[in-house]
Amino acid sequence: MWKKCFTIMGYKSQLVCVHVRCCSGPALPVHRITALQAVHSWSQHFQEKGVSEPELSSHYITAHVLGAKTIESVKKETLSELLSPEDTQQIWRLCAKRLQRLPVQYIIKEWDFRDLTLRMKVPVFIPRPETEELVEIVLSDFKNQTGSLSILEVGCGSGAISLSLLKSLPQLTAVALDQSEDAVNLTKENALSLGLQDRLQLHHLDIFKDAEAVVDHCGGVSAVVSNPPYLFTEDMSSLQPEILCFEDPAALDGGEDGLTVIRQVLILASRILQNNGRLYLEVDPRHPPLIQRWVELHLEELRYVETKHDFNNRARFCILQKKTNKQELQDLD
Amino acid sequence: MSRLLLSVRALYTVSPGPTRSRGAVCVSPGLRVPPVGLPWTLLAAGKKDAVELPVLNEEELEEQFVRGSGPGGQATNKTSNCVVLKHVPTGIVVKCHQTRSVDVNRKRARDILREKLDVALKGELSEITVKKKESVQRKQDKRRKVNESLEKKRLFKEALAADTKPSDV
């Protein structure tokens, strides 16, 4: 049985068909089995069917059904006990979805980001671990600051960045935007479940079409933070099926040079940041020198401060700063 | 060695912390140099018995992540978040995949490493102390035996003298 999976790519509508072989997997066992046996059975089956991360997928799904986040945190005794028929059915149901290459995070409908557990929902972009480091960078800059702080997040997705910052900084207020209504709704849901909704303003806005509205809502923020779509359009088609088939391409596709959305964020940041306020961006490893050059040529209000690397030693984060009027005048000399 | 003892005494005070749960296992794979500039505080926090663990120098650490060779960032969606951390000067290696967050696993790996470093350094200290104690104990035992032996000889001599002495009866 074959299942077609359609994805609309980029700003031009291109239908990309990805045929993903779909079958129901091993039959539901007649006799009761233990969790360990279920894990082993599905790990093996995922491996045979070429599903990526076969063991981890099996571990996370089974742990989730047993009410845990990781298989390591499930008691050994529990893993060796016979599963209830309901749990067995649930494991089988969820693992079957993994055969369709649905990401684990969408199957269990949650994932962790730093010390938060966030609800996940197709097709809202799943937070990546590199972005945890972006939050650390912002936090370390804010560490010694007292008094109220405000940030704007562009492209909030599930709310990972804003909510993580709000949780760690009680004196922070945040405005978060996304051009996807699904993303705004999911961020709201996560904010409510974390009790952070009072310090978060959410807007369903497009930074291109609604640029003036963005400026109106966010004047004078201490910082702008963003993990904007930064992939090159030509790289989209080689993405793994988990991403290609299920995550919102608008959250990924940054245009021909991956900088389409980034340039707009830079322009908006230059207008809304307080003097000496900073912009923190997650980008493609090829971007930092391009961004630096572009800013020098086109945005005299911003100064390129630094490029930081991620835990895989790839250039991943750009830090820029809004100059003061005095600095701008000095630069003109 | 005496210099090490001095610096170790200066570093911390009390007994080692609690043992960690499953998910922290020692392995020794090949490792490479980590990125720099991690802005984390390095002191133990939140423990009632206020343990002072050894401070880690990031430049002495090598970190490895089991995430495959993909491009990373938005272009990759993986759930693997295992962190392997090696303390180069001592060769101690810690592996952590306790949580679903790479960031939290990195922090925990450092906490676990500090505890292992503490035990390793303290362990040497205890060994030295134990050896000293053993040496003192051996000397004490020896002295006791010698004294017992002398006492026995004295009693024997007395008994001998009492036997050979003519009675007045």
# chains A, B, ... in the order shown; residues from 1 in each chain; ligands from 1
$ residues_around --residues "Thr90 of chain B" --least-positions-apart "5" --cutoff "12 Å" --atoms "only C-alpha atoms" --output "PyMOL selection string"
chain B and resi 56+60-62+113-114+116-118+120-121
$ closest_atom_pairs --of "chain A" --to "chain B" --cutoff "6 Å" --atoms "only C-alpha atoms" --output "tab-separated table"
residue	atom	partner	partner_atom	distance
A:Asp112	CA	B:Arg100	CA	5.8
A:Phe113	CA	B:Ser101	CA	5.8
A:Arg114	CA	B:Ser101	CA	5.6
A:Phe311	CA	B:Pro35	CA	5.8
A:Asn313	CA	B:Pro35	CA	5.4
$ write_last_selection --atoms "all heavy atoms" --output "compact mmCIF listing (two decimals), in the first residue's frame"
# COMPACT_ATOMS: atom_id res chain seq x y z
N ASP A 112 10.68 18.31 24.44
CA ASP A 112 11.29 19.19 25.44
C ASP A 112 12.23 20.18 24.77
O ASP A 112 12.92 19.87 23.81
CB ASP A 112 12.06 18.35 26.46
CG ASP A 112 11.14 17.52 27.33
OD1 ASP A 112 9.93 17.84 27.38
OD2 ASP A 112 11.62 16.56 27.94
N PHE A 113 12.23 21.38 25.34
CA PHE A 113 13.15 22.42 24.89
C PHE A 113 13.71 23.04 26.15
O PHE A 113 12.98 23.63 26.95
CB PHE A 113 12.39 23.47 24.06
CG PHE A 113 13.25 24.55 23.49
CD1 PHE A 113 13.96 24.35 22.33
CD2 PHE A 113 13.36 25.77 24.14
CE1 PHE A 113 14.77 25.35 21.79
CE2 PHE A 113 14.17 26.79 23.62
CZ PHE A 113 14.88 26.58 22.45
N ARG A 114 15.01 22.87 26.36
CA ARG A 114 15.63 23.26 27.64
C ARG A 114 14.81 22.63 28.76
O ARG A 114 14.55 21.43 28.75
CB ARG A 114 15.75 24.78 27.76
CG ARG A 114 16.74 25.38 26.75
CD ARG A 114 16.93 26.88 26.93
NE ARG A 114 17.76 27.20 28.07
CZ ARG A 114 17.37 27.92 29.12
NH1 ARG A 114 16.16 28.43 29.17
NH2 ARG A 114 18.18 28.16 30.12
N PHE A 311 26.92 23.59 18.93
CA PHE A 311 27.66 22.50 19.58
C PHE A 311 28.31 21.54 18.59
O PHE A 311 29.09 20.70 18.96
CB PHE A 311 26.77 21.74 20.58
CG PHE A 311 25.52 21.14 19.99
CD1 PHE A 311 25.55 19.91 19.34
CD2 PHE A 311 24.30 21.79 20.10
CE1 PHE A 311 24.40 19.35 18.82
CE2 PHE A 311 23.14 21.24 19.58
CZ PHE A 311 23.19 20.02 18.94
N ASN A 313 30.04 22.86 16.22
CA ASN A 313 31.08 23.76 15.73
C ASN A 313 30.78 24.37 14.37
O ASN A 313 31.69 24.68 13.61
CB ASN A 313 32.43 23.02 15.70
CG ASN A 313 33.56 23.95 16.06
OD1 ASN A 313 33.35 24.98 16.70
ND2 ASN A 313 34.75 23.61 15.60
$ residues_around --residues "segment 47-60 of chain A" --least-positions-apart "6" --cutoff "6 Å" --atoms "only C-alpha atoms" --output "list in words"
Val39, Thr70 and Ile71 of chain A
$ write_last_selection --atoms "all heavy atoms" --output "PDB file, in the first residue's frame"
ATOM      1  N   VAL A  39       9.441  -2.859  22.614  1.00  0.00           N
ATOM      2  CA  VAL A  39      10.522  -1.975  22.165  1.00  0.00           C
ATOM      3  C   VAL A  39      11.406  -2.704  21.146  1.00  0.00           C
ATOM      4  O   VAL A  39      11.725  -2.186  20.087  1.00  0.00           O
ATOM      5  CB  VAL A  39      11.371  -1.496  23.372  1.00  0.00           C
ATOM      6  CG1 VAL A  39      12.705  -0.923  22.914  1.00  0.00           C
ATOM      7  CG2 VAL A  39      10.618  -0.443  24.174  1.00  0.00           C
ATOM      8  N   THR A  70      11.640   9.379  28.953  1.00  0.00           N
ATOM      9  CA  THR A  70      12.710   8.585  28.341  1.00  0.00           C
ATOM     10  C   THR A  70      12.583   7.146  28.837  1.00  0.00           C
ATOM     11  O   THR A  70      12.066   6.893  29.925  1.00  0.00           O
ATOM     12  CB  THR A  70      14.104   9.104  28.744  1.00  0.00           C
ATOM     13  OG1 THR A  70      14.234   8.998  30.165  1.00  0.00           O
ATOM     14  CG2 THR A  70      14.315  10.541  28.325  1.00  0.00           C
ATOM     15  N   ILE A  71      13.096   6.220  28.036  1.00  0.00           N
ATOM     16  CA  ILE A  71      13.012   4.808  28.425  1.00  0.00           C
ATOM     17  C   ILE A  71      13.894   4.566  29.652  1.00  0.00           C
ATOM     18  O   ILE A  71      13.597   3.709  30.482  1.00  0.00           O
ATOM     19  CB  ILE A  71      13.378   3.891  27.228  1.00  0.00           C
ATOM     20  CG1 ILE A  71      12.756   2.506  27.381  1.00  0.00           C
ATOM     21  CG2 ILE A  71      14.878   3.788  27.021  1.00  0.00           C
ATOM     22  CD1 ILE A  71      11.292   2.438  27.036  1.00  0.00           C
TER      23      ILE A  71
END
$ select_by_dssp --residues "segment 47-201 of chain A" --states "helix (DSSP H, G or I)" --output "VMD selection string"
chain A and resid 47 to 48 54 to 65 71 to 73 76 to 80 85 to 99 104 to 108 130 to 142 160 to 168 181 to 194 197 to 199
$ closest_residue --among "A:Val104, A:Ile33, A:Val283, A:Ile291" --to "Ala63 of chain A" --atoms "only C-alpha atoms"
A:Val104
$ residues_around --residues "segment 124-139 of chain A" --least-positions-apart "4" --cutoff "6 Å" --atoms "only C-alpha atoms" --output "PyMOL selection string"
chain A and resi 143+157+183+247
$ select_by_dssp --residues "segment 3-227 of chain A" --states "strand (DSSP E)" --output "mmCIF file with C-alpha atoms, in the first residue's frame"
data_model
loop_
_atom_site.group_PDB
_atom_site.id
_atom_site.type_symbol
_atom_site.label_atom_id
_atom_site.label_comp_id
_atom_site.auth_asym_id
_atom_site.auth_seq_id
_atom_site.Cartn_x
_atom_site.Cartn_y
_atom_site.Cartn_z
ATOM 1 C CA LYS A 3 0.693 6.677 0.399
ATOM 2 C CA LYS A 4 1.377 9.904 -1.426
ATOM 3 C CA CYS A 5 2.482 12.819 0.589
ATOM 4 C CA PHE A 6 2.190 16.279 -0.893
ATOM 5 C CA THR A 7 4.202 19.278 0.091
ATOM 6 C CA ILE A 8 3.832 22.793 -1.229
ATOM 7 C CA LEU A 15 3.700 20.008 -5.821
ATOM 8 C CA VAL A 16 6.289 17.560 -4.622
ATOM 9 C CA CYS A 17 5.122 14.013 -4.329
ATOM 10 C CA VAL A 18 6.971 11.867 -1.903
ATOM 11 C CA HIS A 19 5.929 8.279 -2.001
ATOM 12 C CA VAL A 20 6.287 6.805 1.416
ATOM 13 C CA ARG A 21 5.770 3.124 1.707
ATOM 14 C CA GLU A 110 5.137 16.887 22.755
ATOM 15 C CA TRP A 111 8.854 17.552 23.039
ATOM 16 C CA ASP A 112 11.290 19.185 25.438
ATOM 17 C CA PHE A 113 13.148 22.422 24.893
ATOM 18 C CA LEU A 116 10.204 23.099 29.202
ATOM 19 C CA THR A 117 7.875 20.493 27.813
ATOM 20 C CA LEU A 118 5.985 21.910 24.841
ATOM 21 C CA ARG A 119 3.031 20.550 22.973
ATOM 22 C CA LEU A 149 13.266 43.798 29.727
ATOM 23 C CA SER A 150 11.254 43.317 26.573
ATOM 24 C CA ILE A 151 11.841 41.163 23.538
ATOM 25 C CA LEU A 152 10.286 40.594 20.170
ATOM 26 C CA GLU A 153 10.401 37.117 18.713
ATOM 27 C CA VAL A 154 9.872 36.801 14.978
ATOM 28 C CA LEU A 172 10.895 39.866 30.918
ATOM 29 C CA THR A 173 7.879 40.616 28.741
ATOM 30 C CA ALA A 174 7.688 39.332 25.198
ATOM 31 C CA VAL A 175 5.864 39.974 21.959
ATOM 32 C CA ALA A 176 5.833 37.012 19.584
ATOM 33 C CA LEU A 177 4.745 36.894 15.975
ATOM 34 C CA ASP A 178 4.179 34.259 13.366
ATOM 35 C CA LEU A 200 3.403 37.299 26.402
ATOM 36 C CA GLN A 201 1.611 39.162 23.626
ATOM 37 C CA LEU A 202 0.919 37.132 20.516
ATOM 38 C CA HIS A 203 0.184 38.422 17.043
ATOM 39 C CA HIS A 204 -0.670 36.684 13.818
ATOM 40 C CA VAL A 221 12.287 46.484 22.596
ATOM 41 C CA SER A 222 15.480 45.522 24.435
ATOM 42 C CA ALA A 223 16.147 42.663 22.037
ATOM 43 C CA VAL A 224 14.873 40.910 18.947
ATOM 44 C CA VAL A 225 15.310 37.151 18.746
ATOM 45 C CA SER A 226 14.584 34.958 15.752
#
$ residues_around --residues "Asn227 of chain A" --least-positions-apart "5" --cutoff "7 Å" --atoms "only C-alpha atoms" --output "PyMOL selection string"
chain A and resi 155+281-282
$ atom_distance --atom1 "atom CA of Asp182 of chain A" --atom2 "atom CA of Met120 of chain A"
10.8 Å
